[in-house]
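Chemist: Next up is a structure, given as structure tokens.
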Amino acid sequence: MIWLTWRQQRLETLIGAALAFMVTVLIIRTGLDLRSAYSTLRIGSCLGQQHLQDPACQNVLSTFQDKILGLSNLSTSLTFLPLLVGVLLAAPMALEMEQGTFRLAWTQSVTRSSWLRVRLTLLIAAAALFGLGMGALLTWWRWPADQVQGRFVTNAFDLEGPVFASYTLFALALGLTVGAMIRRTVPTIGLTLVTFLGIRFGIESWIRPHYIPPIQTAWFSGPPPFGTLDWVVDKGSTWRDGAGHKLSYADVTALCPAPTGGVKDTYVACLHSHRLSEFIYYHPAGRFWLFQGIESAIFVSLSIALLAGAVRWMRYRVT
């Protein structure tokens, strides 16, 4: 069965391996350049709130941010890599279900359960190995940028740590389940793409900020109460007056019109006179690995549920 699985998966596996090799070379090359710039510009000496107003540090940080910005398109493309690899691994089985060739294996003294067990074990192992290896490499790649931007920014959280592997497993499980049910290769690929993106970006936008309650703090003036690497999930939408009553930003601007022309003294004096404070909701940078664990658990759980459903469907509903 292992040899048969390789024969049936070899084209897609070789494509995936070639893609992984090219991406690895590109990541190592750009990662070394980024680390060289980080060292040459002495970015480490300019990190922290106390250096934010230093003109020299502002210049080097701006230069380094431009270097990071030059890699933004690559970062965005890499976020779709788990989906691509998952679909590549799932496509041969979907094709086999469409053409009905799986029935031949069942007539060669191989039970349906054995066929499923070997095929799924090898596919899951391949997806996990790719996801964990690539996730570790991307964590290394983004390290210099993380010191400046933090790990919660767009195209950072999704590339680092175990979530990369969990996305790959989810894409594989989704492709296998859809393929078993509709038994048409092209529609399987299309439906997998749409469903994967919908679930992943839905969780990113609406669920991830609420894995645990954010820290709530009031900010009126002076240095912000959050660090440069923290994840601010809500800023400026909630205000309170001296009596503790909630106000919207529209209420605040009605009392104190926003400054124009860069003149803020009158605006600040008005806020003082009404004892208005802005409420900030943020997650400290130290919660990164906790959030990684929570999101990985979500996608792994979804993957297990999908695979269980696919196995049951193929054992009892496919003939």
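Residue numbering restarts at 1 in every chain; chains get A, B, ... in the order shown in the structure tokens, and ligands count up from 1 in that same order.
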Where in segment 200-283 of chain A does DSSP assign strand (DSSP E), given as number ranges by chain?

Modeler: A: 215-219, 231-240, 246-247, 277-283

Chemist: Find the residues near segment 28-40 of chain A: any atom within 10 Å, counting only C-alpha atoms, skip ones fewer than 5 places away on the same chain, and give them as a PDB file with N, CA and C atoms, in the first residue's frame.

Modeler:
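Listed below is the output, out-v7.pdb:
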```
ATOM      1  N   VAL A  23      10.841  27.750  -2.374  1.00  0.00           N
ATOM      2  CA  VAL A  23      10.466  28.677  -1.317  1.00  0.00           C
ATOM      3  C   VAL A  23      11.551  28.718  -0.241  1.00  0.00           C
ATOM      4  N   SER A  45      19.777  48.436  19.192  1.00  0.00           N
ATOM      5  CA  SER A  45      20.033  49.553  20.111  1.00  0.00           C
ATOM      6  C   SER A  45      18.933  50.605  20.074  1.00  0.00           C
ATOM      7  N   VAL A  60      16.889  55.112  11.325  1.00  0.00           N
ATOM      8  CA  VAL A  60      17.296  53.737  11.039  1.00  0.00           C
ATOM      9  C   VAL A  60      16.091  52.794  11.063  1.00  0.00           C
ATOM     10  N   LEU A  61      15.148  53.063  11.965  1.00  0.00           N
ATOM     11  CA  LEU A  61      13.944  52.238  11.998  1.00  0.00           C
ATOM     12  C   LEU A  61      13.120  52.414  10.734  1.00  0.00           C
ATOM     13  N   THR A  63      14.338  53.189   7.793  1.00  0.00           N
ATOM     14  CA  THR A  63      15.065  52.479   6.739  1.00  0.00           C
ATOM     15  C   THR A  63      14.804  50.979   6.805  1.00  0.00           C
ATOM     16  N   PHE A  64      14.803  50.440   8.021  1.00  0.00           N
ATOM     17  CA  PHE A  64      14.571  49.009   8.187  1.00  0.00           C
ATOM     18  C   PHE A  64      13.125  48.646   7.854  1.00  0.00           C
ATOM     19  N   LYS A  67      12.830  48.156   4.312  1.00  0.00           N
ATOM     20  CA  LYS A  67      13.372  46.847   3.925  1.00  0.00           C
ATOM     21  C   LYS A  67      12.318  45.760   4.134  1.00  0.00           C
ATOM     22  N   ILE A  68      11.611  45.838   5.265  1.00  0.00           N
ATOM     23  CA  ILE A  68      10.551  44.862   5.546  1.00  0.00           C
ATOM     24  C   ILE A  68       9.414  45.009   4.552  1.00  0.00           C
ATOM     25  N   LEU A  71       9.431  43.143   1.373  1.00  0.00           N
ATOM     26  CA  LEU A  71       9.125  41.712   1.432  1.00  0.00           C
ATOM     27  C   LEU A  71       7.651  41.433   1.682  1.00  0.00           C
ATOM     28  N   LEU A  74       5.945  39.015  -0.732  1.00  0.00           N
ATOM     29  CA  LEU A  74       6.375  37.639  -0.491  1.00  0.00           C
ATOM     30  C   LEU A  74       5.672  37.075   0.738  1.00  0.00           C
ATOM     31  N   LEU A 137      11.080  27.412   9.732  1.00  0.00           N
ATOM     32  CA  LEU A 137      11.915  28.228   8.857  1.00  0.00           C
ATOM     33  C   LEU A 137      11.384  29.657   8.759  1.00  0.00           C
ATOM     34  N   LEU A 138      10.080  29.807   8.654  1.00  0.00           N
ATOM     35  CA  LEU A 138       9.493  31.136   8.554  1.00  0.00           C
ATOM     36  C   LEU A 138       9.613  31.904   9.869  1.00  0.00           C
ATOM     37  N   TRP A 140      12.190  31.683  11.833  1.00  0.00           N
ATOM     38  CA  TRP A 140      13.568  32.205  11.732  1.00  0.00           C
ATOM     39  C   TRP A 140      13.625  33.395  10.777  1.00  0.00           C
ATOM     40  N   TRP A 141      12.938  33.289   9.646  1.00  0.00           N
ATOM     41  CA  TRP A 141      12.960  34.330   8.619  1.00  0.00           C
ATOM     42  C   TRP A 141      12.425  35.656   9.137  1.00  0.00           C
ATOM     43  N   ARG A 142      11.348  35.608   9.907  1.00  0.00           N
ATOM     44  CA  ARG A 142      10.693  36.838  10.341  1.00  0.00           C
ATOM     45  C   ARG A 142      11.281  37.421  11.628  1.00  0.00           C
ATOM     46  N   TRP A 143      12.234  36.759  12.256  1.00  0.00           N
ATOM     47  CA  TRP A 143      12.730  37.215  13.546  1.00  0.00           C
ATOM     48  C   TRP A 143      13.149  38.683  13.554  1.00  0.00           C
ATOM     49  N   PRO A 144      13.978  39.191  12.603  1.00  0.00           N
ATOM     50  CA  PRO A 144      14.350  40.613  12.658  1.00  0.00           C
ATOM     51  C   PRO A 144      13.137  41.548  12.573  1.00  0.00           C
ATOM     52  N   ALA A 145      12.174  41.209  11.704  1.00  0.00           N
ATOM     53  CA  ALA A 145      10.976  42.044  11.567  1.00  0.00           C
ATOM     54  C   ALA A 145      10.133  41.997  12.838  1.00  0.00           C
ATOM     55  N   GLN A 147      11.120  41.922  15.847  1.00  0.00           N
ATOM     56  CA  GLN A 147      11.679  42.780  16.888  1.00  0.00           C
ATOM     57  C   GLN A 147      11.201  44.230  16.739  1.00  0.00           C
ATOM     58  N   VAL A 148      10.772  44.573  15.535  1.00  0.00           N
ATOM     59  CA  VAL A 148      10.336  45.950  15.254  1.00  0.00           C
ATOM     60  C   VAL A 148       8.814  46.041  15.179  1.00  0.00           C
TER      61      VAL A 148
END
```

Chemist: Calculated over only C-alpha atoms, which of the candidates A:Leu306, A:Val153, A:Val163, A:Ile199 has the smallest distance to Leu132 of chain A?

Modeler: A:Val163

Chemist: Go through segment 163-241 of chain A and flag each residue having an atom no more than 6 Å from segment 89-102 of chain A; for those, report the closest pair of atoms plus their distance in Å to one decimal, using only C-alpha atoms, ordered by chain and rising number, as a tab-separated table.

Modeler:
```
residue	atom	partner	partner_atom	distance
A:Leu172	CA	A:Ala90	CA	5.7
A:Gly175	CA	A:Ala90	CA	5.4
A:Leu176	CA	A:Ala90	CA	5.4
A:Gly179	CA	A:Ala94	CA	4.6
A:Arg183	CA	A:Glu98	CA	4.7
A:Arg184	CA	A:Glu98	CA	5.3
A:Thr185	CA	A:Leu95	CA	5.4
```

Chemist: Using only C-alpha atoms, which of the listed residues (A:Ala269, A:Leu78, A:Leu169, A:Val85) sits closest to Phe299 of chain A?

Modeler: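 Among A:Ala269, A:Leu78, A:Leu169, A:Val85, it is A:Leu169 that comes nearest to Phe299 of chain A.
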
Chemist: Just the residues within 7 Å of segment 119-127 of chain A, please, counting only C-alpha atoms, with nothing from its chain fewer than 2 positions along; format it as number ranges by chain.

Modeler: A: 5, 86, 89, 115-117, 129-131, 168-169

Chemist: Would you write out those residues with C-alpha atoms, as a CSV table (one decimal), in the first residue's frame?

Modeler:
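Ended up saving to result-v1.csv:
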```
chain,number,residue,atom,x,y,z
A,5,THR,CA,0.2,5.4,-2.4
A,86,GLY,CA,-3.0,20.8,1.3
A,89,LEU,CA,-1.9,16.4,-1.4
A,115,TRP,CA,-6.6,1.4,2.2
A,116,LEU,CA,-7.9,4.4,4.2
A,117,ARG,CA,-5.6,3.9,7.1
A,129,LEU,CA,6.2,17.4,8.2
A,130,PHE,CA,5.9,20.2,5.6
A,131,GLY,CA,4.0,22.5,7.9
A,168,THR,CA,-1.8,22.7,6.2
A,169,LEU,CA,-3.6,19.9,8.0
```

Chemist: Can you tell me, as number ranges by chain, what residues are no more than 9 Å from Cys46 of chain A when counting only C-alpha atoms, ignoring any on the same chain fewer than 6 positions away?

Modeler: A: 52, 54, 56-58, 60-61

Chemist: Could you check how far atom CA of Leu307 of chain A sits from atom CA of Phe164 of chain A, in Å to one decimal?

Modeler: 18.4 Å

Chemist: Determine the nearest neighbour of Leu193 of chain A from the options A:Leu174, A:Ala18, A:Leu26, A:Ala128, counting only C-alpha atoms.

Modeler: A:Leu174

Chemist: Using Å and a single decimal, report how far atom CA of Ile207 of chain A sits from atom CA of His245 of chain A.

Modeler: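 Pair atom CA of His245 of chain A / atom CA of Ile207 of chain A returns 27.6 Å.
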
Chemist: Between A:Cys256, A:Ala218, A:Gln65, A:Tyr282, which is the closest to Gly244 of chain A once you count only C-alpha atoms?

Modeler: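 Among the listed residues, A:Ala218 lies closest to Gly244 of chain A.
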
Chemist: Which one of A:Pro55, A:Leu47, A:Asn155, A:Gln149 sits closest to Ser72 of chain A if you count only C-alpha atoms?

Modeler: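 Nearest to Ser72 of chain A: A:Asn155.
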
Chemist: Which of these, A:Ser166, A:Thr188, A:Thr154, A:Gln53, has the shortest distance to Ser205 of chain A once you count only C-alpha atoms?

Modeler: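 Distance minimum relative to Ser205 of chain A lands on A:Thr154.
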
Chemist: Based on DSSP run over this structure's backbone, return all residues of segment 14-223 of chain A in alpha helix (DSSP H), as a VMD selection string.

Modeler: chain A and resid 14 to 40 55 to 69 72 to 78 81 to 99 102 to 106 112 to 149 163 to 182 185 to 202
